[in-house]
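S.K.: protein_12.txt is reproduced below (compact mmCIF, C-alpha atoms and all ligand atoms).
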# COMPACT_ATOMS: atom_id res chain seq x y z
CA MET R 1 3.74 -2.98 23.78
CA VAL R 2 1.74 -2.51 20.59
CA ALA R 3 -0.04 0.52 22.04
CA LYS R 4 3.24 2.06 23.12
CA ALA R 5 4.89 1.49 19.74
CA LEU R 6 1.89 2.96 17.95
CA SER R 7 1.81 6.09 20.03
CA SER R 8 5.51 6.80 19.63
CA ILE R 9 5.28 6.38 15.83
CA LYS R 10 2.20 8.60 15.68
CA GLU R 11 3.94 11.29 17.68
CA ALA R 12 6.79 11.31 15.17
CA LEU R 13 4.58 11.38 12.06
CA PRO R 14 3.75 14.81 10.66
CA ALA R 15 0.06 15.71 10.46
CA GLY R 16 -1.46 14.39 7.26
CA VAL R 17 0.69 11.27 7.03
CA GLU R 18 -1.55 8.24 7.43
CA LEU R 19 -0.23 5.28 9.44
CA VAL R 20 -0.99 1.92 7.82
CA ALA R 21 -0.45 -0.95 10.26
CA VAL R 22 0.96 -3.92 8.33
CA SER R 23 -0.52 -6.90 10.13
CA LYS R 24 0.41 -9.79 7.83
CA PHE R 25 1.44 -12.98 9.67
CA HIS R 26 0.24 -11.57 13.01
CA PRO R 27 -2.69 -13.19 14.83
CA VAL R 28 -5.95 -11.32 15.31
CA ASP R 29 -5.39 -10.75 19.02
CA ARG R 30 -2.31 -8.68 18.15
CA LEU R 31 -4.33 -6.69 15.64
CA MET R 32 -6.96 -6.10 18.34
CA GLU R 33 -4.30 -4.60 20.59
CA ALA R 34 -3.63 -2.03 17.88
CA TYR R 35 -7.35 -1.54 17.26
CA ASN R 36 -7.98 -0.93 20.94
CA ALA R 37 -5.21 1.66 20.90
CA GLY R 38 -7.10 3.51 18.17
CA GLN R 39 -5.55 2.11 14.98
CA ARG R 40 -8.06 1.66 12.15
CA ILE R 41 -6.07 1.15 8.92
CA PHE R 42 -4.59 -2.34 8.57
CA ALA R 43 -2.80 -3.87 5.58
CA GLU R 44 -2.43 -7.47 4.53
CA SER R 45 -0.42 -9.02 1.69
CA ARG R 46 -2.04 -12.44 1.20
CA PRO R 47 -5.64 -12.80 -0.06
CA GLN R 48 -6.59 -15.83 2.06
CA GLU R 49 -5.20 -14.29 5.22
CA LEU R 50 -7.06 -11.04 4.58
CA ALA R 51 -10.36 -12.82 3.91
CA ALA R 52 -9.95 -14.86 7.10
CA LYS R 53 -9.18 -11.84 9.29
CA VAL R 54 -11.91 -9.52 8.04
CA PRO R 55 -14.83 -11.25 9.81
CA GLN R 56 -12.80 -11.53 13.02
CA MET R 57 -12.15 -7.80 13.28
CA PRO R 58 -14.58 -4.92 13.96
CA SER R 59 -16.42 -3.63 10.91
CA ASP R 60 -14.92 -0.14 11.04
CA VAL R 61 -11.44 -1.42 10.21
CA ARG R 62 -10.20 0.06 6.94
CA TRP R 63 -8.32 -2.67 5.08
CA HIS R 64 -5.59 -2.09 2.51
CA PHE R 65 -4.02 -4.75 0.32
CA ILE R 66 -0.26 -4.49 -0.26
CA GLY R 67 0.84 -7.84 -1.74
CA HIS R 68 1.04 -9.35 -5.19
CA LEU R 69 -2.54 -9.95 -6.32
CA GLN R 70 -3.41 -12.63 -8.84
CA THR R 71 -6.54 -12.04 -10.89
CA ASN R 72 -8.11 -15.32 -9.71
CA LYS R 73 -8.00 -14.05 -6.11
CA LEU R 74 -9.87 -10.78 -6.59
CA LYS R 75 -13.01 -11.96 -4.85
CA LEU R 76 -11.04 -12.64 -1.65
CA VAL R 77 -9.80 -9.06 -1.57
CA LEU R 78 -11.88 -6.50 -3.45
CA PRO R 79 -15.11 -6.78 -1.43
CA TYR R 80 -13.25 -5.82 1.74
CA VAL R 81 -10.58 -3.23 0.95
CA GLU R 82 -10.71 0.53 0.63
CA LEU R 83 -7.38 0.60 -1.23
CA VAL R 84 -5.30 -1.82 -3.29
CA GLN R 85 -1.81 -0.37 -2.98
CA SER R 86 0.01 -2.94 -5.08
CA VAL R 87 -1.29 -2.81 -8.65
CA ASP R 88 1.72 -3.94 -10.65
CA SER R 89 0.39 -4.70 -14.14
CA LEU R 90 -2.06 -3.45 -16.72
CA HIS R 91 -3.63 -6.90 -16.73
CA LEU R 92 -4.42 -6.59 -13.01
CA LEU R 93 -5.75 -3.04 -13.42
CA GLU R 94 -8.16 -4.20 -16.14
CA ALA R 95 -9.22 -7.23 -14.09
CA ILE R 96 -10.00 -5.04 -11.05
CA ASN R 97 -12.05 -2.76 -13.28
CA ALA R 98 -13.96 -5.71 -14.77
CA TRP R 99 -14.63 -7.15 -11.31
CA GLY R 100 -15.90 -3.74 -10.23
CA MET R 101 -18.26 -3.50 -13.20
CA ALA R 102 -19.69 -6.94 -12.42
CA ASN R 103 -19.96 -6.23 -8.69
CA ASN R 104 -20.89 -2.58 -8.77
CA LYS R 105 -17.85 -1.32 -6.87
CA VAL R 106 -15.34 1.40 -7.64
CA THR R 107 -11.91 0.43 -6.30
CA ASP R 108 -9.25 2.93 -5.26
CA VAL R 109 -5.78 1.78 -6.28
CA LEU R 110 -2.15 2.82 -6.15
CA LEU R 111 0.26 1.88 -8.92
CA GLU R 112 3.39 0.16 -7.67
CA LEU R 113 6.62 1.66 -8.97
CA HIS R 114 9.53 -0.73 -9.28
CA LEU R 115 12.25 0.89 -7.17
CA GLY R 116 15.64 -0.40 -6.22
CA ALA R 117 17.76 -3.15 -7.59
CA GLU R 118 16.02 -6.39 -6.60
CA GLU R 119 15.14 -8.39 -9.70
CA THR R 120 12.21 -10.15 -8.13
CA LYS R 121 10.43 -7.00 -7.12
CA GLN R 122 7.10 -6.35 -8.78
CA GLY R 123 5.99 -3.12 -10.29
CA PHE R 124 5.84 -0.75 -13.22
CA THR R 125 8.66 1.42 -14.54
CA ALA R 126 8.17 5.18 -14.35
CA GLU R 127 7.57 5.31 -18.12
CA GLU R 128 4.91 2.61 -17.83
CA ILE R 129 3.17 4.50 -15.03
CA LEU R 130 3.03 7.70 -17.07
CA SER R 131 1.45 5.83 -19.97
CA VAL R 132 -0.89 3.76 -17.75
CA VAL R 133 -2.23 6.90 -16.08
CA SER R 134 -2.98 8.60 -19.39
CA TRP R 135 -4.30 5.39 -20.94
CA ALA R 136 -6.57 4.70 -17.95
CA GLY R 137 -7.97 8.20 -18.36
CA THR R 138 -8.82 7.72 -22.03
CA ALA R 139 -9.97 4.10 -21.66
CA GLN R 140 -12.40 5.30 -19.01
CA LEU R 141 -11.90 2.56 -16.49
CA LYS R 142 -15.03 3.62 -14.66
CA ASN R 143 -14.65 1.19 -11.78
CA ILE R 144 -11.09 2.19 -10.90
CA ARG R 145 -9.72 5.33 -9.30
CA ILE R 146 -5.94 5.68 -9.53
CA ARG R 147 -5.12 7.57 -6.34
CA GLY R 148 -1.32 7.54 -6.39
CA LEU R 149 1.87 5.51 -6.13
CA MET R 150 3.33 2.86 -3.87
CA GLY R 151 6.99 1.96 -3.64
CA MET R 152 9.49 -0.04 -1.61
CA ALA R 153 13.07 1.17 -1.39
CA THR R 154 16.04 -1.11 -2.01
CA ASN R 155 16.49 -3.47 0.93
CA THR R 156 19.70 -2.00 2.35
CA ASP R 157 21.08 -0.26 5.42
CA ASN R 158 22.63 2.37 3.15
CA MET R 159 20.31 5.31 3.70
CA GLU R 160 21.76 7.19 0.72
CA VAL R 161 20.46 4.47 -1.58
CA VAL R 162 17.07 4.55 0.15
CA GLU R 163 16.99 8.34 -0.14
CA ARG R 164 17.71 8.15 -3.87
CA ASP R 165 14.90 5.61 -4.34
CA PHE R 166 12.43 7.81 -2.51
CA GLU R 167 13.56 10.89 -4.46
CA ARG R 168 12.82 9.05 -7.67
CA ILE R 169 9.27 8.08 -6.70
CA GLU R 170 8.65 11.52 -5.18
CA ARG R 171 9.58 13.17 -8.47
CA LEU R 172 7.19 10.94 -10.42
CA PHE R 173 4.45 11.53 -7.84
CA LEU R 174 4.77 15.32 -8.10
CA GLU R 175 4.82 15.12 -11.89
CA LEU R 176 1.61 13.05 -11.97
CA GLN R 177 -0.08 15.16 -9.32
CA ALA R 178 0.55 18.29 -11.37
CA VAL R 179 -1.49 16.91 -14.29
CA ASN R 180 -4.04 14.77 -12.43
CA PRO R 181 -5.72 16.14 -9.28
CA GLN R 182 -7.09 12.68 -8.43
CA ILE R 183 -3.53 11.57 -7.62
CA THR R 184 -3.01 12.52 -3.99
CA GLU R 185 -1.38 9.52 -2.29
CA LEU R 186 2.27 8.50 -2.02
CA SER R 187 2.76 5.31 -0.03
CA ILE R 188 6.44 4.96 0.85
CA GLY R 189 8.28 4.05 4.03
CA MET R 190 8.36 0.89 6.16
CA SER R 191 9.89 -0.01 9.52
CA GLY R 192 13.50 0.71 8.60
CA ASP R 193 13.04 3.80 6.49
CA TRP R 194 9.81 5.68 7.22
CA PRO R 195 11.54 8.75 8.69
CA VAL R 196 13.28 9.14 5.32
CA ALA R 197 9.98 8.67 3.47
CA VAL R 198 8.22 11.45 5.38
CA ARG R 199 10.91 13.85 4.15
CA HIS R 200 9.92 12.88 0.59
CA HIS R 201 6.21 13.63 0.50
CA ALA R 202 4.94 10.31 1.90
CA THR R 203 1.20 10.59 2.58
CA MET R 204 1.08 7.02 3.96
CA VAL R 205 3.68 4.88 5.69
CA ARG R 206 3.25 1.09 5.90
CA ILE R 207 4.68 -0.16 9.18
CA GLY R 208 4.65 -3.73 10.48
CA THR R 209 7.66 -4.76 12.53
CA ASP R 210 8.01 -1.45 14.42
CA ILE R 211 4.42 -1.89 15.66
CA PHE R 212 3.95 -5.64 16.10
CA GLY R 213 7.50 -6.95 16.43
CA PRO R 214 8.94 -9.71 14.24
CA ARG R 215 6.50 -11.68 12.11
CA GLU R 216 5.54 -15.23 13.12
CA TYR R 217 6.10 -17.09 9.84
C1 LIG R 301 5.56 -6.34 4.92
C2 LIG R 301 5.44 -5.07 4.17
C3 LIG R 301 5.61 -3.83 4.81
C4 LIG R 301 5.98 -3.68 6.29
O1 LIG R 301 7.26 -4.09 6.53
P1 LIG R 301 7.95 -3.85 7.97
O2 LIG R 301 9.39 -3.88 7.65
O3 LIG R 301 7.52 -4.97 8.84
O4 LIG R 301 7.49 -2.53 8.47
C5 LIG R 301 5.43 -2.68 4.06
N1 LIG R 301 5.12 -2.73 2.75
C6 LIG R 301 4.94 -3.89 2.10
C7 LIG R 301 4.60 -3.86 0.66
C8 LIG R 301 5.10 -5.10 2.78
O5 LIG R 301 4.95 -6.25 2.11
Turn the structure described in the file into C-alpha cells.
Ligand SMILES: *Cc1c(COP(=O)(O)O)cnc(C)c1O
M.R.:
Amino acid sequence: MVAKALSSIKEALPAGVELVAVSKFHPVDRLMEAYNAGQRIFAESRPQELAAKVPQMPSDVRWHFIGHLQTNKLKLVLPYVELVQSVDSLHLLEAINAWGMANNKVTDVLLELHLGAEETKQGFTAEEILSVVSWAGTAQLKNIRIRGLMGMATNTDNMEVVERDFERIERLFLELQAVNPQITELSIGMSGDWPVAVRHHATMVRIGTDIFGPREY
C-alpha cells in the first residue's frame, strides 16, 4: 500500500518538487516499505524518535526535522539531518549555529513562517523573517545556511483560506529569493493540501498520512 501511494503521489508531482515522507509515529517497518519503493527523504518531528530511528534505517536516508526543536535537544537531531525545516526563533537559529561551530558542521535550515489563524502555531512573522535573513547575513552565522521557508496552512477544509495562506508565503519566498540566491526552497503542502501548494511554488511537499495512513499515536 505504501509503495502504491508513493507512486501515485510522485506521478502527480511536477518535476523539481521534492517529496518528503513524514514518518513520525510510524514504525520502522513501515518506513522500510517506503525505502524499498525508492523513497529516501524522511521527516520526523520529535528528537528522541528521530535519534532512535536513524540507526535502524539504511545510511543513505536523508533525514529532515520538521517539529518544534528545543535547544537542549540539538544533539539528538543535528548530527543526523540534512535540513531543519522548522526554525521558529532567533534563539534557536543562534543555538544551531553555536552547536555547528563546536561540532564542525554547517546546518541547512528553513525559517518557519507563522501562517493561518491557530494561536499555538510556532513561527516567525513575515517582518521577522525579512529582518532575520538580513541580520543572519551581517552576523555571519558561518555554521548556518538559510535555504528557504517552511509553512503550514490553516487547518481547514476551506481551500480558499489555504490558497490565501500559500499565496502569502509564496510572495515572501519570491521576495527573499530575489535578493538572496541561497534561498531556493519553499516547503509547503501536506496530505490535505499539497496539490494547492504545488501551484504556489512549493519545492518540497511534506506528506505523511497520504503515504503511510493514519498515525499510530
Ligand atoms: C505531521 C506533519 C506533516 C504531515 O502531515 P500529514 O497530514 O500526515 O501529511 C507535515 N508537516 C509538518 C510540520 C508536520 O508536523
S.K.: Give me the segment 63-99 of chain R side of the contact with segment 119-141 of chain R, cut-off 12 Å, one line per residue showing its nearest atom pair and distance in Å at one decimal, counting all atoms listed in the file, sorted by chain and residue number, as a tab-separated table.
M.R.:
residue	atom	partner	partner_atom	distance
R:Ile66	CA	R:Gln122	CA	11.4
R:Gly67	CA	R:Gln122	CA	9.5
R:His68	CA	R:Gln122	CA	7.7
R:Leu69	CA	R:Gln122	CA	10.6
R:Gln85	CA	R:Gly123	CA	11.0
R:Ser86	CA	R:Gly123	CA	7.9
R:Val87	CA	R:Gly123	CA	7.5
R:Asp88	CA	R:Gly123	CA	4.4
R:Ser89	CA	R:Phe124	CA	6.8
R:Leu90	CA	R:Val132	CA	7.4
R:His91	CA	R:Val132	CA	11.1
R:Leu92	CA	R:Gly123	CA	11.3
R:Leu93	CA	R:Leu141	CA	8.9
R:Glu94	CA	R:Leu141	CA	7.7
R:Ala95	CA	R:Leu141	CA	10.4
R:Ile96	CA	R:Leu141	CA	9.5
R:Asn97	CA	R:Leu141	CA	6.2
R:Ala98	CA	R:Leu141	CA	8.7
R:Trp99	CA	R:Leu141	CA	11.3
S.K.: Please report, as JSON lines, each residue of chain R lying at most 9 Å from ligand LIG 301 (chain R), together with the nearest pair of atoms and the separation in Å rounded to one decimal; use all atoms listed in the file, and order rows by chain and ascending residue number.
M.R.:
{"residue": "R:Val20", "atom": "CA", "partner": "R:LIG301", "partner_atom": "C5", "distance": 8.7}
{"residue": "R:Ala21", "atom": "CA", "partner": "R:LIG301", "partner_atom": "C4", "distance": 8.0}
{"residue": "R:Val22", "atom": "CA", "partner": "R:LIG301", "partner_atom": "C4", "distance": 5.4}
{"residue": "R:Ser23", "atom": "CA", "partner": "R:LIG301", "partner_atom": "C1", "distance": 8.0}
{"residue": "R:Lys24", "atom": "CA", "partner": "R:LIG301", "partner_atom": "C1", "distance": 6.8}
{"residue": "R:Ala43", "atom": "CA", "partner": "R:LIG301", "partner_atom": "C3", "distance": 8.4}
{"residue": "R:Glu44", "atom": "CA", "partner": "R:LIG301", "partner_atom": "O5", "distance": 7.9}
{"residue": "R:Ser45", "atom": "CA", "partner": "R:LIG301", "partner_atom": "O5", "distance": 6.1}
{"residue": "R:Phe65", "atom": "CA", "partner": "R:LIG301", "partner_atom": "C7", "distance": 8.7}
{"residue": "R:Ile66", "atom": "CA", "partner": "R:LIG301", "partner_atom": "C7", "distance": 5.0}
{"residue": "R:Gly67", "atom": "CA", "partner": "R:LIG301", "partner_atom": "O5", "distance": 5.9}
{"residue": "R:His68", "atom": "CA", "partner": "R:LIG301", "partner_atom": "C7", "distance": 8.8}
{"residue": "R:Gln85", "atom": "CA", "partner": "R:LIG301", "partner_atom": "C7", "distance": 8.2}
{"residue": "R:Ser86", "atom": "CA", "partner": "R:LIG301", "partner_atom": "C7", "distance": 7.4}
{"residue": "R:Met150", "atom": "CA", "partner": "R:LIG301", "partner_atom": "C7", "distance": 8.2}
{"residue": "R:Gly151", "atom": "CA", "partner": "R:LIG301", "partner_atom": "C7", "distance": 7.6}
{"residue": "R:Met152", "atom": "CA", "partner": "R:LIG301", "partner_atom": "C7", "distance": 6.6}
{"residue": "R:Ser187", "atom": "CA", "partner": "R:LIG301", "partner_atom": "N1", "distance": 8.8}
{"residue": "R:Ile188", "atom": "CA", "partner": "R:LIG301", "partner_atom": "N1", "distance": 8.0}
{"residue": "R:Gly189", "atom": "CA", "partner": "R:LIG301", "partner_atom": "C5", "distance": 7.3}
{"residue": "R:Met190", "atom": "CA", "partner": "R:LIG301", "partner_atom": "O4", "distance": 4.2}
{"residue": "R:Ser191", "atom": "CA", "partner": "R:LIG301", "partner_atom": "O4", "distance": 3.6}
{"residue": "R:Gly192", "atom": "CA", "partner": "R:LIG301", "partner_atom": "O2", "distance": 6.2}
{"residue": "R:Asp193", "atom": "CA", "partner": "R:LIG301", "partner_atom": "O2", "distance": 8.6}
{"residue": "R:Trp194", "atom": "CA", "partner": "R:LIG301", "partner_atom": "O4", "distance": 8.6}
{"residue": "R:Val205", "atom": "CA", "partner": "R:LIG301", "partner_atom": "C5", "distance": 7.9}
{"residue": "R:Arg206", "atom": "CA", "partner": "R:LIG301", "partner_atom": "C5", "distance": 4.7}
{"residue": "R:Ile207", "atom": "CA", "partner": "R:LIG301", "partner_atom": "O4", "distance": 3.7}
{"residue": "R:Gly208", "atom": "CA", "partner": "R:LIG301", "partner_atom": "O3", "distance": 3.5}
{"residue": "R:Thr209", "atom": "CA", "partner": "R:LIG301", "partner_atom": "O3", "distance": 3.7}
{"residue": "R:Asp210", "atom": "CA", "partner": "R:LIG301", "partner_atom": "O4", "distance": 6.1}
{"residue": "R:Ile211", "atom": "CA", "partner": "R:LIG301", "partner_atom": "O4", "distance": 7.8}
{"residue": "R:Phe212", "atom": "CA", "partner": "R:LIG301", "partner_atom": "O3", "distance": 8.1}
{"residue": "R:Gly213", "atom": "CA", "partner": "R:LIG301", "partner_atom": "O3", "distance": 7.8}
{"residue": "R:Pro214", "atom": "CA", "partner": "R:LIG301", "partner_atom": "O3", "distance": 7.3}
{"residue": "R:Arg215", "atom": "CA", "partner": "R:LIG301", "partner_atom": "O3", "distance": 7.5}
S.K.: The selected residues should be written to file as a tab-separated table (two decimals), keeping the file's coordinate frame (atoms: C-alpha atoms).
M.R.:
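Resulting contents of out29.tsv:
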chain	number	residue	atom	x	y	z
R	20	VAL	CA	-0.99	1.92	7.82
R	21	ALA	CA	-0.45	-0.95	10.26
R	22	VAL	CA	0.96	-3.92	8.33
R	23	SER	CA	-0.52	-6.90	10.13
R	24	LYS	CA	0.41	-9.79	7.83
R	43	ALA	CA	-2.80	-3.87	5.58
R	44	GLU	CA	-2.43	-7.47	4.53
R	45	SER	CA	-0.42	-9.02	1.69
R	65	PHE	CA	-4.02	-4.75	0.32
R	66	ILE	CA	-0.26	-4.49	-0.26
R	67	GLY	CA	0.84	-7.84	-1.74
R	68	HIS	CA	1.04	-9.35	-5.19
R	85	GLN	CA	-1.81	-0.37	-2.98
R	86	SER	CA	0.01	-2.94	-5.08
R	150	MET	CA	3.33	2.86	-3.87
R	151	GLY	CA	6.99	1.96	-3.64
R	152	MET	CA	9.49	-0.04	-1.61
R	187	SER	CA	2.76	5.31	-0.03
R	188	ILE	CA	6.44	4.96	0.85
R	189	GLY	CA	8.28	4.05	4.03
R	190	MET	CA	8.36	0.89	6.16
R	191	SER	CA	9.89	-0.01	9.52
R	192	GLY	CA	13.50	0.71	8.60
R	193	ASP	CA	13.04	3.80	6.49
R	194	TRP	CA	9.81	5.68	7.22
R	205	VAL	CA	3.68	4.88	5.69
R	206	ARG	CA	3.25	1.09	5.90
R	207	ILE	CA	4.68	-0.16	9.18
R	208	GLY	CA	4.65	-3.73	10.48
R	209	THR	CA	7.66	-4.76	12.53
R	210	ASP	CA	8.01	-1.45	14.42
R	211	ILE	CA	4.42	-1.89	15.66
R	212	PHE	CA	3.95	-5.64	16.10
R	213	GLY	CA	7.50	-6.95	16.43
R	214	PRO	CA	8.94	-9.71	14.24
R	215	ARG	CA	6.50	-11.68	12.11
S.K.: Please tabulate, as a tab-separated table, the residues of segment 184-212 of chain R that come within 9 Å of segment 159-174 of chain R, each with its closest pair of atoms and the distance in Å to one decimal, counting only C-alpha atoms and ordering rows by chain, then residue number upward.
M.R.:
residue	atom	partner	partner_atom	distance
R:Thr184	CA	R:Phe173	CA	8.5
R:Glu185	CA	R:Phe173	CA	8.3
R:Leu186	CA	R:Phe173	CA	6.9
R:Ile188	CA	R:Phe166	CA	7.4
R:Gly189	CA	R:Phe166	CA	8.6
R:Asp193	CA	R:Val162	CA	7.5
R:Val196	CA	R:Glu163	CA	6.6
R:Ala197	CA	R:Phe166	CA	6.5
R:His200	CA	R:Glu170	CA	6.1
R:His201	CA	R:Glu170	CA	6.5
R:Ala202	CA	R:Glu170	CA	8.1
S.K.: Ranking R:Ile144, R:Val28, R:Ile9, R:Tyr217 by minimum distance to Pro55 of chain R and counting all atoms listed in the file, which one comes first?
M.R.: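 Ranking R:Ile144, R:Val28, R:Ile9, R:Tyr217 by distance to Pro55 of chain R, first place goes to R:Val28.
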S.K.: Report the distance between atom CA of Pro181 of chain R and atom CA of Val109 of chain R in Å, rounded to one decimal place.
M.R.: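 Between atom CA of Pro181 of chain R and atom CA of Val109 of chain R the gap works out to 14.7 Å.
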S.K.: Atoms are missing here; could segment 37-46 of chain R be completed with all heavy atoms and written as a PDB file, in the coordinates of the input?
M.R.:
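Output file selection_30.pdb is given in full below:
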ATOM      1  N   ALA R  37      -6.001   0.442  20.696  1.00  0.00           N
ATOM      2  CA  ALA R  37      -5.210   1.660  20.900  1.00  0.00           C
ATOM      3  C   ALA R  37      -5.590   2.744  19.889  1.00  0.00           C
ATOM      4  O   ALA R  37      -4.933   3.785  19.821  1.00  0.00           O
ATOM      5  CB  ALA R  37      -3.728   1.335  20.791  1.00  0.00           C
ATOM      6  N   GLY R  38      -6.598   2.472  19.073  1.00  0.00           N
ATOM      7  CA  GLY R  38      -7.100   3.510  18.170  1.00  0.00           C
ATOM      8  C   GLY R  38      -6.752   3.325  16.698  1.00  0.00           C
ATOM      9  O   GLY R  38      -7.202   4.094  15.851  1.00  0.00           O
ATOM     10  N   GLN R  39      -5.938   2.308  16.377  1.00  0.00           N
ATOM     11  CA  GLN R  39      -5.550   2.110  14.980  1.00  0.00           C
ATOM     12  C   GLN R  39      -6.728   1.573  14.157  1.00  0.00           C
ATOM     13  O   GLN R  39      -7.425   0.660  14.616  1.00  0.00           O
ATOM     14  CB  GLN R  39      -4.366   1.137  14.905  1.00  0.00           C
ATOM     15  CG  GLN R  39      -3.842   0.885  13.495  1.00  0.00           C
ATOM     16  CD  GLN R  39      -3.235   2.130  12.851  1.00  0.00           C
ATOM     17  OE1 GLN R  39      -2.765   3.025  13.535  1.00  0.00           O
ATOM     18  NE2 GLN R  39      -3.270   2.184  11.533  1.00  0.00           N
ATOM     19  N   ARG R  40      -6.950   2.131  12.977  1.00  0.00           N
ATOM     20  CA  ARG R  40      -8.060   1.660  12.150  1.00  0.00           C
ATOM     21  C   ARG R  40      -7.620   1.141  10.783  1.00  0.00           C
ATOM     22  O   ARG R  40      -8.316   0.337  10.179  1.00  0.00           O
ATOM     23  CB  ARG R  40      -9.102   2.771  11.958  1.00  0.00           C
ATOM     24  CG  ARG R  40      -9.884   3.082  13.241  1.00  0.00           C
ATOM     25  CD  ARG R  40     -10.733   1.897  13.685  1.00  0.00           C
ATOM     26  NE  ARG R  40     -11.454   2.163  14.922  1.00  0.00           N
ATOM     27  CZ  ARG R  40     -10.979   1.940  16.154  1.00  0.00           C
ATOM     28  NH1 ARG R  40      -9.744   1.431  16.306  1.00  0.00           N
ATOM     29  NH2 ARG R  40     -11.700   2.200  17.214  1.00  0.00           N
ATOM     30  N   ILE R  41      -6.504   1.625  10.242  1.00  0.00           N
ATOM     31  CA  ILE R  41      -6.070   1.150   8.920  1.00  0.00           C
ATOM     32  C   ILE R  41      -5.081   0.006   9.093  1.00  0.00           C
ATOM     33  O   ILE R  41      -4.052   0.156   9.759  1.00  0.00           O
ATOM     34  CB  ILE R  41      -5.420   2.276   8.097  1.00  0.00           C
ATOM     35  CG1 ILE R  41      -6.366   3.477   7.999  1.00  0.00           C
ATOM     36  CG2 ILE R  41      -5.060   1.775   6.703  1.00  0.00           C
ATOM     37  CD1 ILE R  41      -5.799   4.630   7.184  1.00  0.00           C
ATOM     38  N   PHE R  42      -5.434  -1.147   8.517  1.00  0.00           N
ATOM     39  CA  PHE R  42      -4.590  -2.340   8.570  1.00  0.00           C
ATOM     40  C   PHE R  42      -4.324  -2.812   7.141  1.00  0.00           C
ATOM     41  O   PHE R  42      -5.186  -2.685   6.279  1.00  0.00           O
ATOM     42  CB  PHE R  42      -5.276  -3.459   9.353  1.00  0.00           C
ATOM     43  CG  PHE R  42      -5.393  -3.178  10.831  1.00  0.00           C
ATOM     44  CD1 PHE R  42      -6.430  -2.402  11.328  1.00  0.00           C
ATOM     45  CD2 PHE R  42      -4.459  -3.687  11.728  1.00  0.00           C
ATOM     46  CE1 PHE R  42      -6.541  -2.134  12.697  1.00  0.00           C
ATOM     47  CE2 PHE R  42      -4.557  -3.426  13.096  1.00  0.00           C
ATOM     48  CZ  PHE R  42      -5.602  -2.654  13.585  1.00  0.00           C
ATOM     49  N   ALA R  43      -3.131  -3.372   6.908  1.00  0.00           N
ATOM     50  CA  ALA R  43      -2.800  -3.870   5.580  1.00  0.00           C
ATOM     51  C   ALA R  43      -2.341  -5.314   5.641  1.00  0.00           C
ATOM     52  O   ALA R  43      -1.596  -5.707   6.542  1.00  0.00           O
ATOM     53  CB  ALA R  43      -1.703  -3.006   4.945  1.00  0.00           C
ATOM     54  N   GLU R  44      -2.805  -6.071   4.658  1.00  0.00           N
ATOM     55  CA  GLU R  44      -2.430  -7.470   4.530  1.00  0.00           C
ATOM     56  C   GLU R  44      -1.860  -7.701   3.130  1.00  0.00           C
ATOM     57  O   GLU R  44      -2.169  -6.961   2.191  1.00  0.00           O
ATOM     58  CB  GLU R  44      -3.660  -8.372   4.727  1.00  0.00           C
ATOM     59  CG  GLU R  44      -4.188  -8.370   6.162  1.00  0.00           C
ATOM     60  CD  GLU R  44      -3.321  -9.188   7.119  1.00  0.00           C
ATOM     61  OE1 GLU R  44      -2.633 -10.122   6.657  1.00  0.00           O
ATOM     62  OE2 GLU R  44      -3.323  -8.876   8.333  1.00  0.00           O
ATOM     63  N   SER R  45      -1.060  -8.772   2.987  1.00  0.00           N
ATOM     64  CA  SER R  45      -0.420  -9.020   1.690  1.00  0.00           C
ATOM     65  C   SER R  45      -0.801 -10.357   1.075  1.00  0.00           C
ATOM     66  O   SER R  45      -0.347 -10.662  -0.018  1.00  0.00           O
ATOM     67  CB  SER R  45       1.097  -8.932   1.839  1.00  0.00           C
ATOM     68  OG  SER R  45       1.539  -9.931   2.723  1.00  0.00           O
ATOM     69  N   ARG R  46      -1.634 -11.155   1.772  1.00  0.00           N
ATOM     70  CA  ARG R  46      -2.040 -12.440   1.200  1.00  0.00           C
ATOM     71  C   ARG R  46      -3.565 -12.533   1.216  1.00  0.00           C
ATOM     72  O   ARG R  46      -4.192 -12.347   2.267  1.00  0.00           O
ATOM     73  CB  ARG R  46      -1.420 -13.591   1.994  1.00  0.00           C
ATOM     74  CG  ARG R  46       0.119 -13.545   1.965  1.00  0.00           C
ATOM     75  CD  ARG R  46       0.733 -14.727   2.677  1.00  0.00           C
ATOM     76  NE  ARG R  46       0.317 -14.796   4.066  1.00  0.00           N
ATOM     77  CZ  ARG R  46       0.506 -15.870   4.839  1.00  0.00           C
ATOM     78  NH1 ARG R  46       1.089 -16.948   4.348  1.00  0.00           N
ATOM     79  NH2 ARG R  46       0.106 -15.846   6.098  1.00  0.00           N
TER      80      ARG R  46
END
